[in-house]
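Student: Pasting final_17.cif here (mmCIF, C-alpha atoms):
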data_data
loop_
_atom_site.label_atom_id
_atom_site.label_comp_id
_atom_site.auth_asym_id
_atom_site.auth_seq_id
_atom_site.Cartn_x
_atom_site.Cartn_y
_atom_site.Cartn_z
CA MET R 414 -25.02 -18.95 5.19
CA ALA R 415 -25.42 -19.58 8.90
CA ASP R 416 -24.67 -16.82 11.38
CA GLN R 417 -21.22 -17.35 12.78
CA PRO R 418 -20.60 -16.26 16.36
CA THR R 419 -18.42 -13.18 16.56
CA LYS R 420 -15.13 -13.57 18.33
CA PRO R 421 -14.95 -11.36 21.43
CA THR R 422 -12.27 -8.68 21.45
CA GLN R 423 -9.84 -8.12 24.30
CA ALA R 424 -11.49 -4.77 25.06
CA SER R 425 -14.92 -6.38 25.41
CA LEU R 426 -13.48 -9.12 27.65
CA ASN R 427 -11.78 -6.49 29.85
CA LYS R 428 -15.00 -4.51 30.09
CA LYS R 429 -16.98 -7.60 31.15
CA SER R 430 -14.40 -8.68 33.71
CA ALA R 431 -14.11 -5.25 35.33
CA GLN R 432 -16.14 -4.94 38.50
CA ALA R 433 -18.82 -2.32 38.35
CA THR R 434 -18.28 0.13 41.20
CA SER R 435 -19.17 3.71 41.86
CA TYR R 436 -15.49 4.54 42.48
CA LYS R 437 -14.08 7.03 40.01
CA PRO R 438 -10.45 8.15 40.56
CA SER R 439 -10.21 11.91 40.88
CA GLY R 440 -7.73 14.06 39.01
CA VAL R 441 -6.57 11.44 36.53
CA SER R 442 -8.69 12.06 33.46
CA ALA R 443 -7.44 14.32 30.71
CA THR R 444 -10.84 15.99 30.56
CA GLY R 445 -10.70 16.81 34.27
CA ARG R 446 -7.16 18.16 33.95
CA LYS R 447 -8.24 20.20 30.94
CA ALA R 448 -10.97 21.96 32.85
CA ARG R 449 -8.57 22.91 35.65
CA SER R 450 -5.31 23.64 33.97
CA PHE R 451 -5.24 24.18 30.22
CA ALA R 452 -6.30 27.83 30.50
CA VAL R 453 -3.69 28.65 33.14
CA ARG R 454 -0.97 26.70 31.28
CA LEU R 455 -1.72 28.62 28.10
CA TRP R 456 -1.65 31.90 30.06
CA SER R 457 1.80 30.97 31.42
CA VAL R 458 3.09 30.32 27.90
CA ARG R 459 1.68 33.64 26.65
CA HIS R 460 3.44 35.42 29.52
CA SER R 461 6.65 33.38 29.35
CA ARG R 462 8.89 36.45 29.04
CA THR R 463 7.50 37.99 32.23
CA LEU R 464 7.75 34.66 34.02
CA GLU R 465 11.35 34.27 32.76
CA TRP R 466 12.23 37.68 34.23
CA PHE R 467 10.51 36.84 37.51
CA TYR R 468 12.18 33.42 37.74
CA GLY R 469 15.63 34.93 37.09
CA HIS R 470 15.19 37.30 40.04
CA PHE R 471 13.63 34.57 42.17
CA ALA R 472 16.60 32.25 41.48
CA ASP R 473 19.02 35.04 42.44
CA LEU R 474 17.13 35.56 45.71
CA PHE R 475 17.14 31.84 46.44
CA LEU R 476 20.90 31.74 45.81
CA LYS R 477 21.41 34.68 48.21
CA LEU R 478 19.49 32.63 50.79
CA HIS R 479 21.91 29.69 50.37
CA PRO R 480 23.55 30.37 53.77
CA LEU R 481 20.09 30.11 55.36
CA TRP R 482 19.27 26.87 53.54
CA LYS R 483 22.67 25.51 54.55
CA ALA R 484 22.22 26.55 58.20
CA VAL R 485 18.72 25.09 58.40
CA GLY R 486 19.76 22.08 56.36
CA TYR R 487 18.61 21.45 52.83
CA GLU R 488 16.92 18.24 53.99
CA ARG R 489 14.80 20.10 56.56
CA ALA R 490 14.02 22.94 54.14
CA GLU R 491 12.86 20.42 51.52
CA GLY R 492 9.41 19.82 53.04
CA PRO R 493 8.10 23.39 53.25
CA ILE R 494 9.83 24.55 50.06
CA LYS R 495 8.51 21.52 48.15
CA PHE R 496 4.99 22.28 49.40
CA ILE R 497 5.18 25.87 48.11
CA GLU R 498 6.87 24.84 44.86
CA LYS R 499 4.37 22.06 44.16
CA HIS R 500 1.33 24.30 44.62
CA THR R 501 2.76 27.35 42.84
CA LYS R 502 4.12 25.47 39.83
CA GLY R 503 1.16 23.10 39.89
CA PHE R 504 -1.22 26.02 39.45
CA LEU R 505 0.82 27.92 36.85
CA PHE R 506 2.25 25.05 34.79
CA ASP R 507 0.37 21.89 35.87
CA CYS R 508 3.74 20.79 37.31
CA ARG R 509 4.35 17.06 37.88
CA MET R 510 7.23 17.60 40.36
CA CYS R 511 9.80 15.67 38.34
CA GLY R 512 12.56 17.42 40.31
CA GLN R 513 14.36 18.45 37.11
CA CYS R 514 12.48 21.54 35.99
CA VAL R 515 13.25 22.74 32.46
CA LEU R 516 10.57 25.42 32.15
CA SER R 517 13.16 28.09 31.36
CA SER R 518 14.22 26.01 28.34
CA THR R 519 10.75 25.06 27.16
CA GLY R 520 8.92 28.36 26.95
CA MET R 521 7.25 27.83 30.36
CA SER R 522 5.43 24.78 28.97
CA CYS R 523 6.14 21.75 31.16
CA PRO R 524 7.17 18.76 29.01
CA MET R 525 6.02 16.37 31.75
CA ASN R 526 2.44 17.24 30.70
CA CYS R 527 3.09 15.44 27.43
CA PRO R 528 1.31 12.06 27.69
CA LYS R 529 4.49 10.49 26.28
CA GLN R 530 6.67 12.65 28.58
CA LEU R 531 8.89 13.71 25.70
CA ARG R 532 11.55 16.16 26.90
CA ASN R 533 13.27 17.01 23.61
CA GLY R 534 10.56 18.00 21.18
CA PRO R 535 7.24 16.78 19.84
CA CYS R 536 6.43 13.32 18.57
CA GLY R 537 5.40 12.76 14.98
CA GLY R 538 1.72 12.74 15.86
CA VAL R 539 0.96 16.41 16.46
CA ARG R 540 -2.42 17.13 14.87
CA ALA R 541 -2.89 19.76 12.18
CA ASN R 542 -4.61 22.04 14.72
CA GLY R 543 -1.58 21.84 17.05
CA HIS R 544 -3.24 19.44 19.49
CA CYS R 545 -1.93 16.23 21.02
CA GLU R 546 -2.45 12.91 19.23
CA VAL R 547 -3.06 11.09 22.53
CA GLU R 548 -5.34 13.69 24.13
CA PRO R 549 -7.05 15.44 21.19
CA ASP R 550 -8.57 18.19 23.37
CA MET R 551 -5.16 19.22 24.72
CA PRO R 552 -2.87 21.64 22.89
CA CYS R 553 0.47 19.91 22.22
CA VAL R 554 2.92 20.75 24.99
CA TRP R 555 5.74 21.20 22.45
CA VAL R 556 3.77 23.45 20.11
CA GLN R 557 3.14 25.63 23.17
CA ALA R 558 6.81 25.34 24.21
CA TRP R 559 7.95 26.67 20.83
CA SER R 560 5.47 29.54 21.08
CA GLY R 561 6.58 30.42 24.62
CA ALA R 562 10.29 30.09 23.85
CA ASN R 563 9.99 32.56 20.98
CA ARG R 564 8.73 35.19 23.45
CA MET R 565 11.65 34.71 25.87
CA ASN R 566 15.11 36.30 25.93
CA GLY R 567 16.59 32.80 26.26
CA ARG R 568 14.67 31.54 23.24
CA ASP R 569 17.58 29.40 22.02
CA ASN R 570 17.51 27.34 25.23
CA ILE R 571 14.78 25.23 23.63
CA PHE R 572 17.51 23.67 21.46
CA ASP R 573 19.36 22.34 24.53
CA VAL R 574 19.16 18.55 24.66
CA GLN R 575 17.58 17.49 27.95
CA LYS R 576 18.72 14.41 29.84
CA PRO R 577 16.22 11.63 30.53
CA VAL R 578 14.20 12.07 33.71
CA ASP R 579 15.97 10.77 36.82
CA GLN R 580 13.06 9.11 38.63
CA SER R 581 14.93 9.25 41.95
CA LEU R 582 14.41 13.04 41.96
CA ARG R 583 10.63 12.82 41.54
CA GLU R 584 8.69 14.72 44.23
CA THR R 585 11.76 16.75 45.25
CA SER R 586 12.32 20.50 45.05
CA SER R 587 14.10 21.56 41.88
CA TRP R 588 14.38 25.07 43.38
CA LEU R 589 16.61 23.81 46.20
CA ARG R 590 18.56 21.45 43.94
CA VAL R 591 19.33 24.21 41.41
CA THR R 592 20.28 26.58 44.24
CA ALA R 593 22.66 24.04 45.81
CA LEU R 594 24.28 23.37 42.42
CA ALA R 595 24.65 27.11 41.69
CA ALA R 596 26.16 27.70 45.14
CA ALA R 597 28.66 24.88 44.61
CA GLU R 598 29.64 26.28 41.20
CA ARG R 599 30.03 29.77 42.65
CA LYS R 600 32.21 28.46 45.48
CA ALA R 601 34.38 26.49 43.05
CA ALA R 602 34.83 29.61 40.88
CA GLU R 603 35.82 31.72 43.91
CA THR R 604 38.30 29.18 45.27
CA PRO R 605 41.63 29.43 43.40
CA GLY R 606 43.20 26.18 42.29
CA THR R 607 39.92 24.26 42.39
CA PRO R 608 39.47 22.10 39.29
CA GLN R 609 36.38 23.08 37.32
#
Turn the structure described in the file into structure tokens.
Tutor:
Amino acid sequence: MADQPTKPTQASLNKKSAQATSYKPSGVSATGRKARSFAVRLWSVRHSRTLEWFYGHFADLFLKLHPLWKAVGYERAEGPIKFIEKHTKGFLFDCRMCGQCVLSSTGMSCPMNCPKQLRNGPCGGVRANGHCEVEPDMPCVWVQAWSGANRMNGRDNIFDVQKPVDQSLRETSSWLRVTALAAAERKAAETPGTPQ
């Protein structure tokens, strides 16, 4: 039987057509993210109850500062607050700045770290060791969320169904957005005859 030529696969064609350069994008590989953030993310989940307490007091303080944010202008406050929020939450939770933070409902495990960006529970591919099916070296975000939620006073918040991500809020401050919403709700409750 004569040797038949093997049919090239799409992957081999893509590899041949890609230009060989020394450019390697920084901060996009799962392995690179793992080295920087998995340990801190897991620490945040283990200390979710303390972080829940801290965030509750922080949110109260932010709400008390609503007159300041309003006087300065929420639009002008956005830049500096977003900078602080991005770096603080980025370090502690590997935050992706979706603008719709649900950490208090997900055991301080950010669902945006899921490669599939699932916001309402794990996919069917969680490995037996509790790791992600897409990134095998990464602990599943939702396994960690369940663990963190069970440590928190608001442990049942994990059962709240989350809305799909509104992409128009990406790279905005969820701290300011939540504060503005809470201030509006408080004002509506204080004003008699206002429909709720």
Student: Residue by residue, what does the PyMOL selection byres ((chain R and resi 449-460) around 12) grab here? Present the result as a PyMOL selection string.
Tutor: chain R and resi 440-448+461-467+501-508+516-524+526+544+550-565
Student: If you keep C-alpha atoms, can you produce a file of those selected residues as a PDB file, in the coordinates of the input?
Tutor:
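Output (again38.pdb):
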ATOM      1  CA  GLY R 440      -7.730  14.060  39.010  1.00  0.00           C
ATOM      2  CA  VAL R 441      -6.570  11.440  36.530  1.00  0.00           C
ATOM      3  CA  SER R 442      -8.690  12.060  33.460  1.00  0.00           C
ATOM      4  CA  ALA R 443      -7.440  14.320  30.710  1.00  0.00           C
ATOM      5  CA  THR R 444     -10.840  15.990  30.560  1.00  0.00           C
ATOM      6  CA  GLY R 445     -10.700  16.810  34.270  1.00  0.00           C
ATOM      7  CA  ARG R 446      -7.160  18.160  33.950  1.00  0.00           C
ATOM      8  CA  LYS R 447      -8.240  20.200  30.940  1.00  0.00           C
ATOM      9  CA  ALA R 448     -10.970  21.960  32.850  1.00  0.00           C
ATOM     10  CA  SER R 461       6.650  33.380  29.350  1.00  0.00           C
ATOM     11  CA  ARG R 462       8.890  36.450  29.040  1.00  0.00           C
ATOM     12  CA  THR R 463       7.500  37.990  32.230  1.00  0.00           C
ATOM     13  CA  LEU R 464       7.750  34.660  34.020  1.00  0.00           C
ATOM     14  CA  GLU R 465      11.350  34.270  32.760  1.00  0.00           C
ATOM     15  CA  TRP R 466      12.230  37.680  34.230  1.00  0.00           C
ATOM     16  CA  PHE R 467      10.510  36.840  37.510  1.00  0.00           C
ATOM     17  CA  THR R 501       2.760  27.350  42.840  1.00  0.00           C
ATOM     18  CA  LYS R 502       4.120  25.470  39.830  1.00  0.00           C
ATOM     19  CA  GLY R 503       1.160  23.100  39.890  1.00  0.00           C
ATOM     20  CA  PHE R 504      -1.220  26.020  39.450  1.00  0.00           C
ATOM     21  CA  LEU R 505       0.820  27.920  36.850  1.00  0.00           C
ATOM     22  CA  PHE R 506       2.250  25.050  34.790  1.00  0.00           C
ATOM     23  CA  ASP R 507       0.370  21.890  35.870  1.00  0.00           C
ATOM     24  CA  CYS R 508       3.740  20.790  37.310  1.00  0.00           C
ATOM     25  CA  LEU R 516      10.570  25.420  32.150  1.00  0.00           C
ATOM     26  CA  SER R 517      13.160  28.090  31.360  1.00  0.00           C
ATOM     27  CA  SER R 518      14.220  26.010  28.340  1.00  0.00           C
ATOM     28  CA  THR R 519      10.750  25.060  27.160  1.00  0.00           C
ATOM     29  CA  GLY R 520       8.920  28.360  26.950  1.00  0.00           C
ATOM     30  CA  MET R 521       7.250  27.830  30.360  1.00  0.00           C
ATOM     31  CA  SER R 522       5.430  24.780  28.970  1.00  0.00           C
ATOM     32  CA  CYS R 523       6.140  21.750  31.160  1.00  0.00           C
ATOM     33  CA  PRO R 524       7.170  18.760  29.010  1.00  0.00           C
ATOM     34  CA  ASN R 526       2.440  17.240  30.700  1.00  0.00           C
ATOM     35  CA  HIS R 544      -3.240  19.440  19.490  1.00  0.00           C
ATOM     36  CA  ASP R 550      -8.570  18.190  23.370  1.00  0.00           C
ATOM     37  CA  MET R 551      -5.160  19.220  24.720  1.00  0.00           C
ATOM     38  CA  PRO R 552      -2.870  21.640  22.890  1.00  0.00           C
ATOM     39  CA  CYS R 553       0.470  19.910  22.220  1.00  0.00           C
ATOM     40  CA  VAL R 554       2.920  20.750  24.990  1.00  0.00           C
ATOM     41  CA  TRP R 555       5.740  21.200  22.450  1.00  0.00           C
ATOM     42  CA  VAL R 556       3.770  23.450  20.110  1.00  0.00           C
ATOM     43  CA  GLN R 557       3.140  25.630  23.170  1.00  0.00           C
ATOM     44  CA  ALA R 558       6.810  25.340  24.210  1.00  0.00           C
ATOM     45  CA  TRP R 559       7.950  26.670  20.830  1.00  0.00           C
ATOM     46  CA  SER R 560       5.470  29.540  21.080  1.00  0.00           C
ATOM     47  CA  GLY R 561       6.580  30.420  24.620  1.00  0.00           C
ATOM     48  CA  ALA R 562      10.290  30.090  23.850  1.00  0.00           C
ATOM     49  CA  ASN R 563       9.990  32.560  20.980  1.00  0.00           C
ATOM     50  CA  ARG R 564       8.730  35.190  23.450  1.00  0.00           C
ATOM     51  CA  MET R 565      11.650  34.710  25.870  1.00  0.00           C
TER      52      MET R 565
END
Student: Do you have the atom CA of Ile571 of chain R-atom CA of Leu594 of chain R distance handy?
Tutor: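 Straight-line distance from atom CA of Ile571 of chain R to atom CA of Leu594 of chain R works out to 21.1 Å.
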Student: In Å, with one decimal, what is the gap from atom CA of Lys529 of chain R to atom CA of Glu548 of chain R?
Tutor: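 Computing the Euclidean distance for atom CA of Lys529 of chain R and atom CA of Glu548 of chain R yields 10.6 Å.
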Student: Have a look at atom CA of Ala484 of chain R and atom CA of Ser586 of chain R and let me know their distance in Å, one decimal.
Tutor: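 Computing the Euclidean distance for atom CA of Ala484 of chain R and atom CA of Ser586 of chain R yields 17.5 Å.
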Student: Taking all atoms listed in the file into account, name the residue in R:Arg509, R:Glu491, R:His470, R:Val485 that is nearest to Leu589 of chain R.
Tutor: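 Looking only at the distances to Leu589 of chain R, the closest residue turns out to be R:Glu491.
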